[in-house]
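Q: Contents of target-v5.cif (mmCIF, C-alpha atoms) are given next:
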data_start
#
loop_
_atom_site.label_atom_id
_atom_site.label_comp_id
_atom_site.auth_asym_id
_atom_site.auth_seq_id
_atom_site.Cartn_x
_atom_site.Cartn_y
_atom_site.Cartn_z
CA MET F 6 103.52 71.23 146.32
CA ASN F 7 105.42 74.08 147.91
CA SER F 8 108.36 71.84 148.85
CA LEU F 9 108.59 70.55 145.27
CA PHE F 10 108.74 74.12 144.01
CA ALA F 11 111.50 74.93 146.51
CA PHE F 12 113.36 71.79 145.43
CA ALA F 13 113.18 72.86 141.76
CA ILE F 14 114.57 76.29 142.63
CA GLY F 15 117.37 74.64 144.61
CA VAL F 16 118.28 72.35 141.72
CA ARG F 17 118.45 75.33 139.36
CA LEU F 18 120.64 77.27 141.77
CA VAL F 19 123.02 74.33 142.22
CA ALA F 20 123.25 73.85 138.44
CA PHE F 21 124.03 77.53 137.97
CA ILE F 22 126.66 77.49 140.74
CA VAL F 23 128.34 74.45 139.15
CA PHE F 24 128.35 76.21 135.78
CA VAL F 25 129.95 79.36 137.22
CA ALA F 26 132.50 77.28 139.13
CA CYS F 27 133.39 75.44 135.91
CA VAL F 28 133.93 78.72 134.06
CA TYR F 29 136.17 80.19 136.75
CA GLY F 30 137.98 76.87 137.26
CA GLY F 31 138.76 76.67 133.56
CA ASN F 32 140.05 80.22 133.54
CA LEU F 33 142.28 79.41 136.51
CA LEU F 34 143.65 76.29 134.82
CA PHE F 35 144.36 78.17 131.61
CA THR F 36 146.16 80.87 133.61
CA LYS F 37 148.33 78.16 135.18
CA LEU F 38 149.13 76.82 131.70
CA GLU F 39 150.08 80.33 130.60
CA GLN F 40 152.37 80.86 133.59
CA ARG F 41 154.15 77.56 132.96
CA GLN F 42 154.61 78.55 129.33
CA SER F 43 153.29 75.19 128.17
CA LYS F 44 153.52 74.12 124.57
CA LEU F 45 150.95 75.52 122.18
CA LEU F 46 149.54 72.05 121.47
CA TRP F 47 148.64 71.58 125.15
CA LYS F 48 146.90 74.96 125.23
CA ILE F 49 144.91 74.23 122.07
CA THR F 50 143.94 70.79 123.38
CA PHE F 51 142.85 72.21 126.74
CA VAL F 52 140.78 74.98 125.19
CA THR F 53 139.13 72.54 122.75
CA PHE F 54 138.17 69.96 125.37
CA TYR F 55 137.13 72.60 127.88
CA SER F 56 134.94 74.32 125.30
CA ILE F 57 133.19 71.01 124.58
CA PHE F 58 132.76 70.45 128.32
CA LEU F 59 131.28 73.91 128.84
CA LEU F 60 128.93 73.38 125.91
CA LEU F 61 127.64 70.18 127.51
CA VAL F 62 127.28 71.86 130.93
CA THR F 63 125.41 74.74 129.26
CA TYR F 64 122.93 72.36 127.65
CA VAL F 65 122.39 70.54 130.96
CA VAL F 66 121.71 73.85 132.74
CA TRP F 67 119.39 74.91 129.92
CA LEU F 68 117.48 71.61 130.12
CA VAL F 69 117.12 71.94 133.90
CA PHE F 70 115.71 75.45 133.51
CA TYR F 71 113.51 74.52 130.52
CA PHE F 72 111.92 71.44 132.05
CA GLY F 73 111.82 73.03 135.49
CA LEU F 74 109.84 76.00 134.22
CA ASN F 75 107.53 73.96 131.96
CA ALA F 76 106.74 71.16 134.42
#
What does the file become when written as structure tokens?
A:
Amino acid sequence: MNSLFAFAIGVRLVAFIVFVACVYGGNLLFTKLEQRQSKLLWKITFVTFYSIFLLLVTYVVWLVFYFGLNA
């Protein structure tokens, strides 16, 4: 039982690390788009798709924490 608890904590930590990496990775990509002075349409498209992606990642992290704590 103890190893299963440790595994659940590990899964939550990995999910959180992936989420933080996605946030910082997106900020880095947007900074690169800003430095290149890309067209406004590309910036709007990137922000829209990345926001949807982060929303999905947020729900996955929330589900991992919710079901992990209520199991």
Q: If we count all atoms listed in the file, what is near Gly31 of chain F at a cut-off of 10 Å, once residues fewer than 2 positions away on the same chain are taken out, given as a count of residues only?
A: 15
Q: Taking all atoms of segment 42-61 of chain F that appear in the file, build a box with edges along x, y and z, extend it by 4 Å on every side, and state its centre and edge lengths in Å to one decimal, as JSON.
A:
{"center_x": 141.1, "center_y": 74.3, "center_z": 125.4, "size_x": 35.0, "size_y": 16.6, "size_z": 15.9}
Q: Carefully work through the PyMOL selection byres ((chain F and resi 16) around 12) for this structure and note down the residues it includes, as an MDAnalysis selection string.
A: chainID F and resid 9:15 17:23 65:66 68:70 72:74
Q: For a test of reading the model, state the distance in Å between atom CA of Val62 of chain F and atom CA of Asn32 of chain F, rounded to one decimal.
A: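 Result for atom CA of Val62 of chain F versus atom CA of Asn32 of chain F: 15.5 Å, one decimal.
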Q: Measure the distance from atom CA of Phe58 of chain F to atom CA of Leu46 of chain F in Å and round it to one decimal.
A: 18.2 Å
Q: Give me, please, the distance in Å between atom CA of Phe54 of chain F and atom CA of Trp67 of chain F, quoted to one decimal.
A: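 Pair atom CA of Phe54 of chain F / atom CA of Trp67 of chain F returns 19.9 Å.
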